[in-house]
file query-v2.csv (CSV, C-alpha atoms)
chain,number,residue,atom,x,y,z
W,19,MET,CA,-39.9,44.6,-6.2
W,20,PHE,CA,-36.1,44.7,-5.7
W,21,ASN,CA,-36.5,47.0,-2.7
W,22,LYS,CA,-38.9,44.4,-1.2
W,23,CYS,CA,-36.3,41.7,-1.8
W,24,LEU,CA,-33.6,44.0,-0.2
W,25,SER,CA,-35.4,44.9,3.1
W,26,GLY,CA,-39.1,44.1,2.8
W,27,CYS,CA,-39.2,40.4,3.3
W,28,GLY,CA,-39.8,38.8,6.7
W,29,ASN,CA,-38.3,35.4,6.1
W,30,GLU,CA,-36.3,33.4,3.6
W,31,GLU,CA,-39.4,31.8,2.0
W,32,GLU,CA,-41.0,35.2,1.3
W,33,PHE,CA,-37.7,36.4,-0.2
W,34,GLU,CA,-37.4,33.4,-2.5
W,35,ASN,CA,-41.0,33.9,-3.7
W,36,CYS,CA,-40.4,37.7,-4.3
W,37,TRP,CA,-37.1,37.1,-6.1
W,38,THR,CA,-38.6,34.4,-8.4
W,39,SER,CA,-41.6,36.6,-9.3
W,40,MET,CA,-39.3,39.5,-10.1
W,41,ILE,CA,-36.9,37.4,-12.3
W,42,THR,CA,-39.9,35.9,-14.1
W,43,LYS,CA,-41.7,39.2,-14.6
W,44,TYR,CA,-38.7,41.1,-16.1
W,45,GLU,CA,-37.2,38.0,-17.9
W,46,LEU,CA,-33.9,38.2,-16.1
W,47,GLU,CA,-33.1,34.4,-16.0
W,48,ASN,CA,-30.0,34.8,-18.2
W,49,ASN,CA,-28.8,38.1,-16.7
W,50,GLY,CA,-25.3,37.5,-15.3
W,51,TRP,CA,-25.3,40.5,-12.9
W,52,PHE,CA,-28.5,39.3,-11.2
W,53,ASN,CA,-27.3,35.8,-11.0
W,54,ARG,CA,-24.1,37.0,-9.2
W,55,LEU,CA,-26.2,39.2,-6.9
W,56,TYR,CA,-28.3,36.2,-6.0
W,57,ASP,CA,-25.2,34.2,-5.0
W,58,LEU,CA,-24.3,37.0,-2.6
W,59,LYS,CA,-27.8,37.2,-1.1
W,60,GLN,CA,-26.5,36.5,2.4
W,61,LYS,CA,-24.6,39.8,2.5
W,62,TRP,CA,-27.4,42.2,1.4
W,63,CYS,CA,-30.8,40.6,2.2
W,64,THR,CA,-32.1,41.6,5.6
W,65,ALA,CA,-34.4,38.6,5.7
W,66,LEU,CA,-31.4,36.3,5.8
W,67,ASN,CA,-29.7,38.1,8.7
W,68,LYS,CA,-32.4,38.0,11.3
W,69,GLY,CA,-30.3,36.1,13.9
W,70,PHE,CA,-27.7,38.9,14.4
W,71,PHE,CA,-28.1,41.9,16.7
W,72,LEU,CA,-28.1,44.9,14.3
W,73,ALA,CA,-30.4,47.4,16.3
W,74,ARG,CA,-32.2,47.9,12.9
W,75,ILE,CA,-29.2,49.8,11.5
W,76,ARG,CA,-28.4,49.0,7.9
W,77,SER,CA,-24.9,49.2,6.5
W,78,SER,CA,-26.0,51.9,3.9
W,79,GLN,CA,-27.2,54.1,6.8
W,80,ARG,CA,-23.8,54.2,8.5
W,81,SER,CA,-22.3,57.3,6.8
W,82,GLU,CA,-25.6,59.2,6.8
W,83,SER,CA,-26.2,58.5,10.5
W,84,THR,CA,-22.7,59.5,11.4
W,85,ASN,CA,-22.8,62.8,9.5
W,86,HIS,CA,-26.2,63.6,11.0
W,87,ALA,CA,-25.0,62.9,14.6
W,88,ILE,CA,-21.7,64.8,14.2
W,89,GLU,CA,-23.1,67.8,12.3
W,90,PHE,CA,-19.7,68.9,11.1
W,91,ASN,CA,-19.7,72.2,9.2
W,92,ALA,CA,-16.3,71.6,7.8
W,93,SER,CA,-14.9,71.8,4.3
W,94,LEU,CA,-11.7,70.8,2.4
W,95,THR,CA,-10.1,74.1,3.5
W,96,THR,CA,-10.8,73.7,7.2
W,97,ASN,CA,-7.5,73.8,9.2
W,98,LEU,CA,-6.7,71.8,12.3
W,99,THR,CA,-7.6,74.7,14.7
W,100,GLU,CA,-11.0,75.2,13.2
W,101,PHE,CA,-11.6,71.4,13.2
W,102,TYR,CA,-10.8,71.3,17.0
W,103,GLY,CA,-13.3,74.1,17.6
W,104,ILE,CA,-16.0,72.3,15.7
W,105,TYR,CA,-15.2,69.1,17.6
W,106,LYS,CA,-15.5,70.8,21.0
W,107,ASN,CA,-18.9,72.4,20.1
W,108,THR,CA,-20.1,69.1,18.8
W,109,VAL,CA,-19.2,67.3,22.1
W,110,LYS,CA,-20.8,70.1,24.1
W,111,HIS,CA,-24.0,69.7,22.1
W,112,TRP,CA,-23.9,65.9,22.7
W,113,ARG,CA,-23.6,66.3,26.4
W,114,ARG,CA,-26.3,68.9,26.6
W,115,THR,CA,-28.7,66.7,24.6
W,116,GLU,CA,-27.8,63.7,26.6
W,117,GLN,CA,-28.7,65.5,29.9
W,118,GLN,CA,-32.0,66.7,28.5
W,119,ASP,CA,-32.9,63.2,27.3
W,120,GLU,CA,-32.0,61.7,30.6
W,121,PHE,CA,-34.2,64.2,32.4
W,122,ASN,CA,-37.1,63.6,30.0
W,123,CYS,CA,-36.7,59.8,30.3
W,124,SER,CA,-36.8,59.9,34.1
W,125,ARG,CA,-39.2,62.7,34.8
W,126,ALA,CA,-41.6,63.0,31.9
W,127,VAL,CA,-45.1,61.7,32.0
W,128,LEU,CA,-45.8,59.3,29.2
W,129,ASN,CA,-49.0,59.9,27.2
W,130,THR,CA,-50.8,57.1,25.5
W,131,GLY,CA,-54.2,56.7,23.8
W,132,PHE,CA,-55.3,54.1,26.4
W,133,GLU,CA,-54.8,53.4,30.1
W,134,MET,CA,-51.4,52.4,31.2
W,135,ALA,CA,-51.8,48.9,32.8
W,136,GLY,CA,-50.2,45.5,32.7
W,137,ILE,CA,-47.3,45.0,30.4
W,138,MET,CA,-47.4,48.5,29.1
W,139,ARG,CA,-46.9,50.0,32.5
W,140,HIS,CA,-44.0,47.7,33.2
W,141,ALA,CA,-42.4,48.7,29.8
W,142,SER,CA,-42.8,52.4,30.6
W,143,GLU,CA,-41.0,51.9,33.9
W,144,VAL,CA,-37.9,50.0,32.7
W,145,LEU,CA,-37.4,50.8,29.0
W,146,THR,CA,-36.0,53.9,27.3
W,147,LEU,CA,-37.3,53.0,23.9
W,148,PHE,CA,-40.9,53.0,25.1
W,149,LYS,CA,-42.2,54.6,21.9
W,150,GLU,CA,-40.8,51.8,19.8
W,151,PHE,CA,-42.4,49.3,22.2
W,152,GLN,CA,-45.7,51.1,22.0
W,153,LYS,CA,-45.6,50.9,18.2
W,154,GLU,CA,-45.1,47.1,18.4
W,155,PHE,CA,-47.8,46.8,21.0
W,156,MET,CA,-50.3,48.7,18.8
W,157,LYS,CA,-49.5,46.4,15.9
W,158,GLY,CA,-50.0,43.4,18.1
W,159,ILE,CA,-53.5,44.6,19.0
W,160,SER,CA,-54.4,45.0,15.4
W,161,ALA,CA,-53.0,41.6,14.4
W,162,SER,CA,-54.9,38.3,14.5
W,163,SER,CA,-53.8,34.9,15.9
W,164,LYS,CA,-55.0,31.3,16.2
W,165,ILE,CA,-53.7,28.2,17.9
W,166,VAL,CA,-52.2,25.6,15.6
W,167,GLY,CA,-50.8,23.2,18.1
W,168,ASP,CA,-50.1,22.5,21.8
W,169,HIS,CA,-48.2,20.1,23.9
W,170,ASP,CA,-48.4,20.2,27.7
W,171,THR,CA,-47.7,23.8,28.7
W,172,THR,CA,-46.3,24.7,25.2
W,173,ILE,CA,-48.8,26.4,22.8
W,174,ILE,CA,-48.1,27.2,19.2
W,175,TYR,CA,-49.8,30.3,17.6
W,176,MET,CA,-49.9,31.5,14.1
W,177,VAL,CA,-50.0,35.3,14.1
W,178,THR,CA,-51.1,37.2,11.0
W,179,SER,CA,-50.0,40.8,10.4
W,180,PRO,CA,-52.7,43.6,10.5
W,181,ARG,CA,-52.8,43.7,6.7
W,182,GLY,CA,-52.6,40.0,6.3
W,183,GLU,CA,-49.5,39.9,4.1
W,184,SER,CA,-47.4,37.7,6.4
W,185,ASN,CA,-47.8,34.9,9.0
W,186,ASN,CA,-45.4,34.0,11.8
W,187,GLU,CA,-45.2,31.1,14.2
W,188,VAL,CA,-45.0,31.9,17.9
W,189,ILE,CA,-44.2,29.3,20.5
W,190,PHE,CA,-45.3,30.2,24.1
W,191,ASP,CA,-44.5,28.3,27.3
W,192,SER,CA,-47.3,29.2,29.7
W,193,SER,CA,-45.5,27.8,32.8
W,194,MET,CA,-42.2,29.6,32.4
W,195,LYS,CA,-43.7,32.6,30.4
W,196,LEU,CA,-41.1,32.1,27.7
W,197,ILE,CA,-41.8,32.9,24.1
W,198,THR,CA,-40.0,32.6,20.7
W,199,CYS,CA,-41.0,33.9,17.3
W,200,ASP,CA,-39.7,32.7,13.9
W,201,CYS,CA,-39.3,36.3,12.7
W,202,LEU,CA,-36.3,36.7,15.1
W,203,GLY,CA,-37.2,40.2,15.9
W,204,PHE,CA,-35.9,40.0,19.5
W,205,GLU,CA,-32.6,38.7,18.4
W,206,GLU,CA,-32.2,41.4,15.8
W,207,PHE,CA,-33.4,44.5,17.8
W,208,GLY,CA,-33.3,43.4,21.4
W,209,MET,CA,-37.1,44.0,21.9
W,210,LEU,CA,-40.1,41.8,21.6
W,211,CYS,CA,-41.8,41.9,18.2
W,212,TYR,CA,-45.6,42.5,17.8
W,213,HIS,CA,-46.2,38.8,17.2
W,214,SER,CA,-44.9,37.9,20.6
W,215,LEU,CA,-46.7,40.8,22.2
W,216,ARG,CA,-49.9,39.6,20.6
W,217,VAL,CA,-49.5,36.2,22.3
W,218,LEU,CA,-48.6,37.7,25.6
W,219,LEU,CA,-51.7,40.0,25.5
W,220,ILE,CA,-53.9,37.0,24.8
W,221,ASN,CA,-52.5,35.1,27.8
W,222,SER,CA,-52.8,38.1,30.1
W,223,VAL,CA,-49.1,38.4,30.9
W,224,GLN,CA,-48.6,41.5,33.1
W,225,LYS,CA,-44.9,41.7,33.1
W,226,ILE,CA,-42.0,41.3,30.7
W,227,GLN,CA,-39.6,38.6,31.7
W,228,ASP,CA,-36.1,39.6,32.5
W,229,ALA,CA,-34.8,37.4,29.7
W,230,TYR,CA,-36.5,39.8,27.2
W,231,ILE,CA,-35.2,43.0,28.6
W,232,LYS,CA,-31.8,44.1,27.2
W,233,ASN,CA,-29.7,46.1,29.6
W,234,ARG,CA,-28.8,48.6,26.8
W,235,TRP,CA,-32.5,49.6,26.5
W,236,THR,CA,-33.1,50.1,30.3
W,237,LYS,CA,-33.3,53.4,32.1
W,238,THR,CA,-30.8,52.3,34.8
W,239,GLU,CA,-28.1,51.1,32.3
W,240,LYS,CA,-25.8,54.2,32.8
W,241,SER,CA,-25.9,54.0,36.6
W,242,GLU,CA,-25.2,50.3,36.5
W,243,VAL,CA,-22.2,50.9,34.2
W,244,TRP,CA,-20.7,53.5,36.7
W,245,ASP,CA,-21.4,51.2,39.6
W,246,LYS,CA,-19.6,48.4,37.8
W,247,PHE,CA,-16.7,50.7,37.0
W,248,GLY,CA,-16.5,51.7,40.7
W,249,ARG,CA,-16.5,48.1,41.8
W,250,VAL,CA,-13.7,47.3,39.3
W,251,LEU,CA,-11.6,50.2,40.6
W,252,SER,CA,-12.1,49.2,44.2
W,253,ILE,CA,-11.2,45.6,43.5
W,254,THR,CA,-8.1,46.4,41.4
W,255,SER,CA,-6.8,49.2,43.5
W,256,GLN,CA,-8.0,51.4,46.3
W,257,ALA,CA,-6.0,54.2,44.8
W,258,GLY,CA,-8.2,54.1,41.8
W,259,LYS,CA,-10.9,56.0,43.6
W,260,SER,CA,-8.7,59.1,43.6
W,261,ILE,CA,-8.2,59.1,39.8
W,262,PRO,CA,-11.1,61.4,39.0
W,263,TRP,CA,-10.1,63.9,41.7
W,264,ARG,CA,-6.5,63.8,40.5
W,265,HIS,CA,-7.4,64.6,37.0
W,266,ASN,CA,-9.8,67.4,38.0
W,267,ILE,CA,-7.3,69.1,40.4
W,268,THR,CA,-4.5,68.7,37.9
W,269,ARG,CA,-6.5,70.5,35.2
W,270,LYS,CA,-7.3,73.3,37.6
W,271,PHE,CA,-3.7,73.9,38.7
W,272,TYR,CA,-2.5,73.7,35.1
W,273,ASN,CA,-5.0,76.4,34.1
W,274,LEU,CA,-3.9,78.5,37.0
W,275,VAL,CA,-0.2,78.3,35.9
W,276,LEU,CA,-1.2,79.3,32.4
W,277,ARG,CA,-3.0,82.4,33.6
W,278,SER,CA,-0.1,83.5,35.8
W,279,GLU,CA,3.0,82.7,33.6
W,280,ASP,CA,3.2,86.3,32.2
W,281,ASN,CA,2.8,88.1,35.6
W,282,GLU,CA,5.7,88.2,38.0
W,283,ASP,CA,3.5,89.0,41.0
W,284,ALA,CA,1.3,86.0,40.2
W,285,ILE,CA,4.2,83.7,39.9
W,286,LYS,CA,5.5,84.9,43.3
W,287,ILE,CA,2.1,84.2,44.8
W,288,ILE,CA,2.0,80.7,43.4
W,289,LYS,CA,5.4,79.9,44.7
W,290,GLU,CA,4.6,81.2,48.2
W,291,SER,CA,1.3,79.3,48.2
W,292,LEU,CA,3.0,76.1,47.0
W,293,GLN,CA,5.6,76.3,49.8
W,294,ARG,CA,2.9,77.1,52.4
W,295,ASP,CA,0.6,74.3,51.3
W,296,SER,CA,3.5,71.8,51.2
W,297,LEU,CA,4.4,72.6,54.8
W,298,ALA,CA,0.8,72.3,55.8
W,299,ILE,CA,0.4,68.9,54.1
W,300,ASP,CA,3.7,67.7,55.7
W,301,SER,CA,2.4,68.6,59.1
W,302,LEU,CA,-0.6,66.3,58.7
W,303,SER,CA,-0.6,62.7,59.7
W,304,CYS,CA,0.3,61.4,56.3
W,305,THR,CA,2.2,58.3,55.5
W,306,GLU,CA,5.9,58.3,55.3
W,307,SER,CA,5.9,57.7,51.5
W,308,VAL,CA,3.7,60.7,50.8
W,309,ARG,CA,6.0,63.0,52.9
W,310,MET,CA,9.1,61.6,51.1
W,311,LEU,CA,7.6,62.2,47.7
W,312,SER,CA,6.6,65.8,48.6
W,313,SER,CA,10.0,66.6,50.0
W,314,GLY,CA,11.9,64.9,47.1
W,315,LYS,CA,14.1,62.8,49.4
W,316,SER,CA,14.7,59.1,49.4
W,317,SER,CA,16.0,56.8,52.1
W,318,SER,CA,17.8,54.5,49.7
W,319,ASN,CA,20.9,55.4,47.6
W,320,ILE,CA,20.8,54.4,44.0
W,321,LEU,CA,24.3,53.2,42.8
W,322,ASP,CA,25.6,52.8,39.4
W,323,PRO,CA,25.4,49.2,38.1
W,324,ALA,CA,28.6,47.1,38.0
W,325,CYS,CA,30.7,47.6,34.9
W,326,SER,CA,31.0,44.5,32.7
W,327,ARG,CA,33.8,44.0,30.2
W,328,THR,CA,32.5,42.6,26.9
W,329,LYS,CA,34.5,40.5,24.5
W,330,GLY,CA,36.7,42.1,22.0
W,331,ARG,CA,38.8,45.2,22.3
W,332,GLY,CA,38.5,46.5,25.8
W,333,LYS,CA,40.7,49.6,25.4
W,334,ARG,CA,39.9,53.0,23.9
W,335,ALA,CA,40.8,53.3,20.2
W,336,LYS,CA,43.8,55.5,19.6
W,337,TRP,CA,43.8,58.6,17.4
W,338,HIS,CA,45.9,58.9,14.3
W,339,PHE,CA,48.6,60.9,16.0
W,340,GLU,CA,48.9,58.3,18.8
W,341,VAL,CA,49.5,55.4,16.6
W,342,SER,CA,52.9,53.8,17.5
W,343,LYS,CA,55.7,53.1,15.0
W,344,LYS,CA,57.3,49.7,15.0
W,345,LYS,CA,61.1,49.7,15.3
W,346,ARG,CA,63.7,47.1,14.9
W,347,GLY,CA,64.0,46.4,18.6
W,348,GLY,CA,60.4,45.6,18.9
W,349,THR,CA,59.6,48.6,20.9
W,350,SER,CA,57.2,51.3,19.9
W,351,THR,CA,57.2,55.0,20.6
W,352,SER,CA,54.5,57.5,20.0
W,353,VAL,CA,55.0,60.0,17.2
W,354,GLN,CA,55.5,63.5,18.7
W,355,ALA,CA,53.8,66.4,17.0
W,356,ASN,CA,56.4,69.0,15.8
W,357,GLU,CA,55.7,72.6,16.2
W,358,PHE,CA,55.3,74.5,12.9
W,359,GLY,CA,58.6,76.0,11.8
W,360,SER,CA,60.8,74.0,14.1
W,361,LYS,CA,62.1,71.7,11.2
W,362,THR,CA,64.1,73.0,8.2
W,363,PRO,CA,62.6,72.0,4.9
W,364,LYS,CA,64.7,70.2,2.3
W,365,PRO,CA,66.6,72.5,-0.2
W,366,HIS,CA,65.2,70.8,-3.4
W,367,LEU,CA,61.8,72.0,-2.4
W,368,PHE,CA,62.8,75.6,-3.1

call {"tool": "encode", "arguments": {"input": "query-v2.csv", "output": "structure tokens"}}
result
Amino acid sequence: MFNKCLSGCGNEEEFENCWTSMITKYELENNGWFNRLYDLKQKWCTALNKGFFLARIRSSQRSESTNHAIEFNASLTTNLTEFYGIYKNTVKHWRRTEQQDEFNCSRAVLNTGFEMAGIMRHASEVLTLFKEFQKEFMKGISASSKIVGDHDTTIIYMVTSPRGESNNEVIFDSSMKLITCDCLGFEEFGMLCYHSLRVLLINSVQKIQDAYIKNRWTKTEKSEVWDKFGRVLSITSQAGKSIPWRHNITRKFYNLVLRSEDNEDAIKIIKESLQRDSLAIDSLSCTESVRMLSSGKSSSNILDPACSRTKGRGKRAKWHFEVSKKKRGGTSTSVQANEFGSKTPKPHLF
């Protein structure tokens, strides 16, 4: 029963009934731990967090999902070099899997147990999570519904789950084709729940409204992201278009230098090629700034800034042998360093 209270209830009323029956059955009315747990129900009960987009990911699944996705075969004795190799192999695996998934999503033929028509066909054309949509659609076919109220173009339905364990209220606007459900499944997952799909099926809706299609679940999301990135670069700076080429060509030249650094003949070839290519680029109709950067010259002379004298002592501090002695006349002379052996020591010292 506690597992049902944790993640098996559809709304707050169902949670309260399940919690009350559990407390009564096991006589936990005076249990302090359960009382404190009930006070924190907003933090752990999924039925009380329906209005937040969670993509059906629970907090307890975070570490397990991360470990499964990364698939690190590391241990406590793994050094940094081995970790980097594992990381590179993992990223390579991600890229290969992503390319295969994109190909299957765009080219594969979807197989269903019934004819693809209406709202199902539209979902197969735009959604990447079509299997999840198909599961919700099949549950909607098995569910039952009845009209409990209407006002002008607004119709209120009561949808019962296939097994009859829960009822949900669905409000449908037949003129605008807008729909809301009190289970808040769309707000939580970004896809219409089977209660809403049941009502849309009854009213012969052939297409999902754009308001109920999240961009993150569409097939064109990645292309739209790259198009948006390109538009941002073109707006901010025209030079931004050359950033990918610059990074690519820099990496290739760097690898070439690494391959030739231990071979004198290879170093000579690179120097000659660099000089020849520089002359060829200078001969092209490039801008004056590019030619100046390639030749390393500048038309303006950079001068040292003007010296400013700060407050306090403006002269260099003297060394100990330069310190002057004060004499009676008020003049000062510097102490001259005597050569060793030029002065006769006093007799009493011997």

call {"tool": "atom_distance", "arguments": {"input": "query-v2.csv", "atom1": "CA of Leu274 in chain W", "atom2": "CA of Lys286 in chain W"}}
result
13.0 Å

call {"tool": "residues_near_point", "arguments": {"input": "query-v2.csv", "point": "(-47.9, 37.6, 28.0)", "cutoff": "10 Å", "atoms": "only C-alpha atoms", "output": "list of chain:residue names"}}
result
W:Gly136, W:Ile137, W:Phe190, W:Asp191, W:Ser192, W:Lys195, W:Leu196, W:Ile197, W:Ser214, W:Leu215, W:Arg216, W:Val217, W:Leu218, W:Leu219, W:Ile220, W:Asn221, W:Ser222, W:Val223, W:Gln224, W:Lys225, W:Ile226, W:Gln227

call {"tool": "write_last_selection", "arguments": {"input": "query-v2.csv", "atoms": "C-alpha atoms", "output": "compact mmCIF listing (two decimals), in the frame of the given file"}}
result
# COMPACT_ATOMS: atom_id res chain seq x y z
CA GLY W 136 -50.20 45.50 32.70
CA ILE W 137 -47.30 45.00 30.40
CA PHE W 190 -45.30 30.20 24.10
CA ASP W 191 -44.50 28.30 27.30
CA SER W 192 -47.30 29.20 29.70
CA LYS W 195 -43.70 32.60 30.40
CA LEU W 196 -41.10 32.10 27.70
CA ILE W 197 -41.80 32.90 24.10
CA SER W 214 -44.90 37.90 20.60
CA LEU W 215 -46.70 40.80 22.20
CA ARG W 216 -49.90 39.60 20.60
CA VAL W 217 -49.50 36.20 22.30
CA LEU W 218 -48.60 37.70 25.60
CA LEU W 219 -51.70 40.00 25.50
CA ILE W 220 -53.90 37.00 24.80
CA ASN W 221 -52.50 35.10 27.80
CA SER W 222 -52.80 38.10 30.10
CA VAL W 223 -49.10 38.40 30.90
CA GLN W 224 -48.60 41.50 33.10
CA LYS W 225 -44.90 41.70 33.10
CA ILE W 226 -42.00 41.30 30.70
CA GLN W 227 -39.60 38.60 31.70

call {"tool": "residues_around", "arguments": {"input": "query-v2.csv", "residues": "Gly69 in chain W", "least_positions_apart": "6", "cutoff": "9 Å", "atoms": "all atoms listed in the file", "output": "list in words"}}
result
Leu202, Gly203, Phe204, Glu205 and Glu206 of chain W

call {"tool": "closest_residue", "arguments": {"input": "query-v2.csv", "among": "W:Phe33, W:Phe52, W:Tyr44, W:Phe271", "to": "Thr64 in chain W", "atoms": "all atoms listed in the file"}}
result
W:Phe33

call {"tool": "residues_around", "arguments": {"input": "query-v2.csv", "residues": "Cys63 in chain W", "least_positions_apart": "3", "cutoff": "12 Å", "atoms": "all atoms listed in the file", "output": "list of chain:residue names"}}
result
W:Phe20, W:Asn21, W:Lys22, W:Cys23, W:Leu24, W:Ser25, W:Gly26, W:Cys27, W:Gly28, W:Asn29, W:Glu30, W:Glu32, W:Phe33, W:Glu34, W:Cys36, W:Trp37, W:Leu55, W:Tyr56, W:Asp57, W:Leu58, W:Lys59, W:Gln60, W:Leu66, W:Asn67, W:Lys68, W:Arg76, W:Ser77

call {"tool": "write_last_selection", "arguments": {"input": "query-v2.csv", "atoms": "C-alpha atoms", "output": "mmCIF file, in the frame of the given file"}}
result
data_model
loop_
_atom_site.group_PDB
_atom_site.id
_atom_site.type_symbol
_atom_site.label_atom_id
_atom_site.label_comp_id
_atom_site.auth_asym_id
_atom_site.auth_seq_id
_atom_site.Cartn_x
_atom_site.Cartn_y
_atom_site.Cartn_z
ATOM 1 C CA PHE W 20 -36.100 44.700 -5.700
ATOM 2 C CA ASN W 21 -36.500 47.000 -2.700
ATOM 3 C CA LYS W 22 -38.900 44.400 -1.200
ATOM 4 C CA CYS W 23 -36.300 41.700 -1.800
ATOM 5 C CA LEU W 24 -33.600 44.000 -0.200
ATOM 6 C CA SER W 25 -35.400 44.900 3.100
ATOM 7 C CA GLY W 26 -39.100 44.100 2.800
ATOM 8 C CA CYS W 27 -39.200 40.400 3.300
ATOM 9 C CA GLY W 28 -39.800 38.800 6.700
ATOM 10 C CA ASN W 29 -38.300 35.400 6.100
ATOM 11 C CA GLU W 30 -36.300 33.400 3.600
ATOM 12 C CA GLU W 32 -41.000 35.200 1.300
ATOM 13 C CA PHE W 33 -37.700 36.400 -0.200
ATOM 14 C CA GLU W 34 -37.400 33.400 -2.500
ATOM 15 C CA CYS W 36 -40.400 37.700 -4.300
ATOM 16 C CA TRP W 37 -37.100 37.100 -6.100
ATOM 17 C CA LEU W 55 -26.200 39.200 -6.900
ATOM 18 C CA TYR W 56 -28.300 36.200 -6.000
ATOM 19 C CA ASP W 57 -25.200 34.200 -5.000
ATOM 20 C CA LEU W 58 -24.300 37.000 -2.600
ATOM 21 C CA LYS W 59 -27.800 37.200 -1.100
ATOM 22 C CA GLN W 60 -26.500 36.500 2.400
ATOM 23 C CA LEU W 66 -31.400 36.300 5.800
ATOM 24 C CA ASN W 67 -29.700 38.100 8.700
ATOM 25 C CA LYS W 68 -32.400 38.000 11.300
ATOM 26 C CA ARG W 76 -28.400 49.000 7.900
ATOM 27 C CA SER W 77 -24.900 49.200 6.500
#

call {"tool": "residues_around", "arguments": {"input": "query-v2.csv", "residues": "His213 in chain W", "least_positions_apart": "3", "cutoff": "10 Å", "atoms": "only C-alpha atoms", "output": "ChimeraX atom specification"}}
result
/W:154-155,157-159,161-163,175-179,185-188,198-201,203,210,216-218

call {"tool": "atom_distance", "arguments": {"input": "query-v2.csv", "atom1": "CA of Thr115 in chain W", "atom2": "CA of Phe101 in chain W"}}
result
21.1 Å

call {"tool": "closest_residue", "arguments": {"input": "query-v2.csv", "among": "W:Ser278, W:Met40, W:Tyr212, W:Asn49", "to": "Lys153 in chain W", "atoms": "only C-alpha atoms"}}
result
W:Tyr212

call {"tool": "residues_around", "arguments": {"input": "query-v2.csv", "residues": "His169 in chain W", "least_positions_apart": "2", "cutoff": "12 Å", "atoms": "all atoms listed in the file", "output": "count of residues only"}}
result
11

call {"tool": "atom_distance", "arguments": {"input": "query-v2.csv", "atom1": "CA of Val275 in chain W", "atom2": "CA of Trp112 in chain W"}}
result
29.8 Å

call {"tool": "axis_aligned_box", "arguments": {"input": "query-v2.csv", "around": "range 226-235 of chain W", "padding_each_side": "3 Å", "output": "AutoDock Vina command-line options"}}
result
--center_x -35.4 --center_y 43.5 --center_z 29.5 --size_x 19.2 --size_y 18.2 --size_z 12.0
